[in-house]
Amino acid sequence: MLSPDERREIDAELANYEFREAAGIEALKVVQRHRGWVTDEALADLEPVLGLSAAELDAVATFYDKIYRKPVGRHVIFVCSSISCWVMGYENVRDYLLDRLGILLGQTTADNRFTVLPTACLGACDLAPVMLVDDDLHCNLTPPEVDAILARYE
Amino acid sequence: MEEITLTIDGSEARGRRGDTILNVCERNGIDVPTLCHFPGLGDIGACRLCLVEIVGARGLTTACTTPASTGMVVKTNTPAINALRRATIELLFAERNHQCPYCEMSSDCELQKLGYRFGIDTVRYAAMNPKLNVDASSPYFVLDHDRCVLCRRCVRTCAEIAGISAIGFKDRGAKTLVAFDLDAQAADSSCEACGTCVQVCPTGALFDKRSAYKGHLADCARVATSCQQCSLGCATQGVSRGRTVLRVDGDFNGAPNYGLLCAKGRYEALRPAGTRYSAPLIRQNGELHEASWEAALDLVAAKLKEAKQEVGSKSVVGLATPWASNEMLYLMDWIFRAGFGVVFAVAGADEALNRAAAVQTVTGGSAAAEADFDAVRRADFVLLLGADPAKTHPVLAGLLRRRVNRGDARLAIVGAAGNALGRLACLYLAPRPGSEGVIVNGFLKSILAEGLAHSHLPPKLAGQLAPYTPEAVAAITGLAAGEIGLLARNLASARRPLVIYGGPYLASAELASSAVSLGLVAGGIDGRRVPALGLSLAPNGTAAAHLADGHGLYALANAAAVFAALGDGPDGQVVNSLRVTEFLAVMAAYPSPLSGRADVILPAPTWAERHGTFLAGDGNRRDVASLIPGPAGMPSEMETLAALGARLGAAASFADEYLAAKVELALALPGADPLRAAPVFVDYL
């Protein structure tokens, strides 16, 4: 069941589009914001609202790497692994980060604080290497800066 | 239709406004390679093989998604374009595991054909050799991701043709996989096994289990015919090799289904119904023994004559079912009723009889006076009145889902809870059982009260309907008064309403006539048809009702001798009402409860072997072709009947003329009579 808040926010999105299917991505983002990730149950809840089948919604959800079909930690870190960041040596930053958190790429820390995921380009190649923590972009990274950044997210 | 003119590959090419470049190429016989395009499905430009150059435009563009316009100069076949196409095909081969020699689709595969066409004898890219699962959970088909080219034909077919959307994509890029629901096994998913996706798959990613590895298309015969599973009579093509039907395909150009089939028609029809009778059998001392055709036919004729003489002509019955062809029904009628002078009865045609009586009463016509199945593709408001097509006529359910999903029609349901289309309905009323007639009268009263009636109204009707106030109807049906008026108003104010009735509304001629009257009042007469459609089940119920003169199973209650030719009809109902005292002969292909009691069994061809004409539930003709020859020495049902008729004194030459005349008559069923058509009032209080 969609909560009243979810329903209200999705209805507001639906009002923007001629076809209700078009609100699919926004609706997935709404349930993710409220539930942390997009559960199978959430897809079933959205079916009648959007007139899309579970298979169609899952196709959208799995296409976008910022829609989560598995549980994630309180904060999600996307480390960019595309060409510019690679040229600028992103591996050092990535390895330092994972080492500090004691997890592998794709995993969540035991205290459920961080999940680290790879991403291909955050659109800030001139500032490489970069990573995204929640909605904050962190640029020109060096390993020592990582600690200071992590400390800001509880 | 406005014509457009383009220059394609140096020649003038004509098309129509709204055409894509690919459409214009197709019209002008220019072969542009593609894997994802399929006629009737929305184009998406996924496979990148139809790339063409538009002179003056930047880059290359997909012909399947680019609208054509007058003055365009298009090149489809340059070395640069073909080099790109070649690379794309190589990448497709490299991405998955395309081992043609082991693949069931080898020689019929569209990817393989393109490989040959572009002379691909080696792939320059390293093969990715992904480890992929094979889903063989469905009893009917296999999903093998190894062969998938991600063209989305199956995904689009499930959404656009079947209206189900059980299939989607999972993940993105090279990792993308076709998935049922949330990555379920096909057999555990919401897939209804209509098999349409299997038919459109260009490679061996989705293939049919029964026909797998049994022959390339070049070894097979393909014959256009009609499905004999229900009253829709879907357009199909039988694919056979030698004496075996390998597969049934839907005909994308044929009414009423336009490619869509259901599991019953595509798959279940091919399931053998037991071990076939190969020779006539005669029961002696309780045991069945093989006999010659001569001996068996002589015995049947002698026993029927004896019973007629000793017990009387009313106790001898020739029995058919509405699963038999027009020709069979009329020959039976000729031999037994006209020639031999005994009873000819049709069992299992009650729904069709009730419907025929109702249509006659309300419109003065026959089944052809009701809407034809194509009306579903035009209607903008459909009321399912007691009908549950997802259970009885799945292809019709698919046509409705498509209309509603696209927003072309709204759907309302009046009937028991649990209708599979309920999810799509804007109104779903479940009146108390037994109040089916009352609610229709409630609708009629509402429509009259709001001045929305579209037909001639008998002067007394308004007075007769007076007691059916929304409040009174609500009390009896257990619904809210407002719902009844709301549904009636929506139905009668639609531009093209359609009432599809079934279930309890076919259980009596009165309820059927109320349903037809509702369609007439809500939508009026269009040409010679009223917007009502009775969903009786049997494939040839229309012809059987046309012929049966209302005498049904009661004729069997005290029958002394019966000759039963059942076609593929389910005979449980017949067995229960049959009290044969003297003699029972059955013509059948497979053992059944009825043939288990027979004194003589005459083998018959199966559905795939017979040919003839049927009358679909909308009164339109369906031609059934023989897909495979019968076993050597097996006469057709018609030949067996003619031989029996000769022995009973019903001359075959007369029968031929009679047959031709009757079948002609049946194929020209009368439509509604606009001067006579009027709603009929039945009092249910």
# chains A, B, ... in the order shown; residues from 1 in each chain; ligands from 1
>>> closest_atom_pairs(of="chain A", to="chain B", cutoff="8 Å", atoms="only C-alpha atoms", output="Markdown table")
| residue | atom | partner | partner_atom | distance |
| --- | --- | --- | --- | --- |
| A:Asp40 | CA | B:Leu182 | CA | 7.7 |
| A:Pro48 | CA | B:Arg423 | CA | 7.9 |
| A:Gly51 | CA | B:Asn405 | CA | 7.6 |
| A:Leu52 | CA | B:Ser165 | CA | 7.8 |
| A:Ser53 | CA | B:Ser165 | CA | 5.9 |
| A:Ala54 | CA | B:Asp181 | CA | 5.6 |
| A:Ala55 | CA | B:Asp181 | CA | 4.2 |
| A:Glu56 | CA | B:Gly168 | CA | 5.2 |
| A:Asp58 | CA | B:Leu182 | CA | 6.5 |
| A:Ala59 | CA | B:Phe169 | CA | 4.8 |
| A:Thr62 | CA | B:Asp171 | CA | 4.6 |
| A:Phe63 | CA | B:Asp171 | CA | 5.0 |
>>> select_by_dssp(residues="segment 3-148 of chain A", states="strand (DSSP E or B)", output="PyMOL selection string")
chain A and resi 75-80+108+114-119+131-133+136-138
>>> residues_around(residues="segment 578-593 of chain B", least_positions_apart="5", cutoff="8 Å", atoms="only C-alpha atoms", output="count of residues only")
32
>>> atom_distance(atom1="atom CA of Gly45 of chain B", atom2="atom CA of Thr20 of chain B")
11.5 Å
>>> closest_residue(among="B:Glu290, B:Arg86, B:His145, B:His611", to="Phe118 of chain B", atoms="only C-alpha atoms")
B:Arg86
>>> atom_distance(atom1="atom CA of Ala522 of chain B", atom2="atom CA of Leu498 of chain B")
8.4 Å
>>> residues_around(residues="Trp86 of chain A", least_positions_apart="3", cutoff="12 Å", atoms="only C-alpha atoms", output="list in words")
Val79, Cys80, Ser81, Ser82, Ile83, Gly89, Tyr90, Glu91, Asn92, Val93, Arg94, Ala120, Cys121, Cys125, Ala128, Pro129 and Val130 of chain A
>>> write_last_selection(atoms="N, CA and C atoms", output="compact mmCIF listing (two decimals), in the first residue's frame")
# COMPACT_ATOMS: atom_id res chain seq x y z
N VAL A 79 31.16 6.30 -6.84
CA VAL A 79 32.51 6.65 -7.26
C VAL A 79 32.56 6.56 -8.77
N CYS A 80 32.95 7.64 -9.43
CA CYS A 80 32.97 7.64 -10.88
C CYS A 80 34.15 6.84 -11.41
N SER A 81 33.89 5.97 -12.38
CA SER A 81 34.95 5.11 -12.92
C SER A 81 35.13 5.33 -14.43
N SER A 82 34.64 6.45 -14.94
CA SER A 82 34.74 6.63 -16.39
C SER A 82 36.08 7.27 -16.78
N ILE A 83 36.24 7.58 -18.05
CA ILE A 83 37.58 7.80 -18.59
C ILE A 83 38.34 8.94 -17.90
N GLY A 89 43.38 9.09 -12.11
CA GLY A 89 43.78 8.17 -11.04
C GLY A 89 42.73 7.95 -9.97
N TYR A 90 41.49 7.71 -10.37
CA TYR A 90 40.41 7.53 -9.39
C TYR A 90 40.61 6.28 -8.53
N GLU A 91 41.40 5.30 -9.07
CA GLU A 91 41.54 4.04 -8.32
C GLU A 91 42.10 4.27 -6.92
N ASN A 92 43.03 5.22 -6.78
CA ASN A 92 43.60 5.50 -5.46
C ASN A 92 42.52 5.94 -4.47
N VAL A 93 41.65 6.82 -4.97
CA VAL A 93 40.57 7.33 -4.12
C VAL A 93 39.62 6.18 -3.77
N ARG A 94 39.24 5.41 -4.78
CA ARG A 94 38.31 4.30 -4.56
C ARG A 94 38.88 3.31 -3.54
N ALA A 120 29.15 5.48 -14.00
CA ALA A 120 29.89 5.88 -15.20
C ALA A 120 29.55 7.32 -15.52
N CYS A 121 30.37 8.24 -15.06
CA CYS A 121 30.30 9.67 -15.35
C CYS A 121 29.24 10.42 -14.56
N CYS A 125 33.74 16.08 -15.57
CA CYS A 125 35.04 15.56 -16.00
C CYS A 125 36.17 16.55 -15.74
N ALA A 128 37.66 15.98 -12.27
CA ALA A 128 37.98 14.59 -11.92
C ALA A 128 39.19 14.51 -11.01
N PRO A 129 39.26 13.46 -10.16
CA PRO A 129 38.21 12.45 -9.95
C PRO A 129 37.11 12.94 -9.01
N VAL A 130 35.91 12.41 -9.24
CA VAL A 130 34.77 12.89 -8.46
C VAL A 130 34.00 11.72 -7.85
>>> atom_distance(atom1="atom CA of Pro629 of chain B", atom2="atom CA of Ala221 of chain B")
12.0 Å
>>> closest_residue(among="B:Pro670, B:Gly503, B:Gly478, B:Gly649", to="Trp334 of chain B", atoms="only C-alpha atoms")
B:Gly649
>>> residues_around(residues="Glu637 of chain B", least_positions_apart="2", cutoff="8 Å", atoms="only C-alpha atoms", output="list in words")
Met328, Ala604, Pro605, Arg610, Pro635, Glu639, Thr640 and Leu641 of chain B
>>> select_by_dssp(residues="segment 49-103 of chain A", states="helix (DSSP H, G or I)", output="list in words")
Val49, Leu50, Ala54, Ala55, Glu56, Leu57, Asp58, Ala59, Val60, Ala61, Thr62, Phe63, Ile83, Ser84, Cys85, Trp86, Val87, Tyr90, Glu91, Asn92, Val93, Arg94, Asp95, Tyr96, Leu97, Leu98, Asp99, Arg100 and Leu101 of chain A
>>> closest_residue(among="B:Lys445, B:Pro39, B:Leu648, B:Leu421", to="Leu299 of chain B", atoms="only C-alpha atoms")
B:Leu648
>>> residues_around(residues="Ile10 of chain A", least_positions_apart="2", cutoff="10 Å", atoms="only C-alpha atoms", output="list of chain:residue names")
A:Leu2, A:Pro4, A:Asp5, A:Glu6, A:Arg7, A:Arg8, A:Ala12, A:Glu13, A:Leu14, A:Ala15, A:Ala23, A:Gly24, A:Glu26, A:Ala27, A:Leu28, A:Lys29, A:Val30, A:Val31, A:Leu46, A:Val49, A:Leu50
>>> residues_around(residues="Ala136 of chain B", least_positions_apart="2", cutoff="12 Å", atoms="only C-alpha atoms", output="list in words")
Asn133, Val134, Ser138, Pro139, Tyr140, Phe141, Val142, Leu143, Asp144, His145, Ala184, Gln185, Ala186, Ala187, Asp188, Ala205, Leu206, Phe207, Asp208 and Lys209 of chain B
>>> closest_residue(among="B:Ala80, B:Val680, B:Ala538, B:Ala412", to="Ser325 of chain B", atoms="only C-alpha atoms")
B:Ala538
>>> closest_residue(among="B:Lys175, B:Glu3, B:Ser278, B:Arg406", to="Phe19 of chain A", atoms="only C-alpha atoms")
B:Arg406
>>> closest_residue(among="A:Asp99, A:Glu18, A:Asp126, A:Glu154", to="Phe114 of chain A", atoms="only C-alpha atoms")
A:Glu154
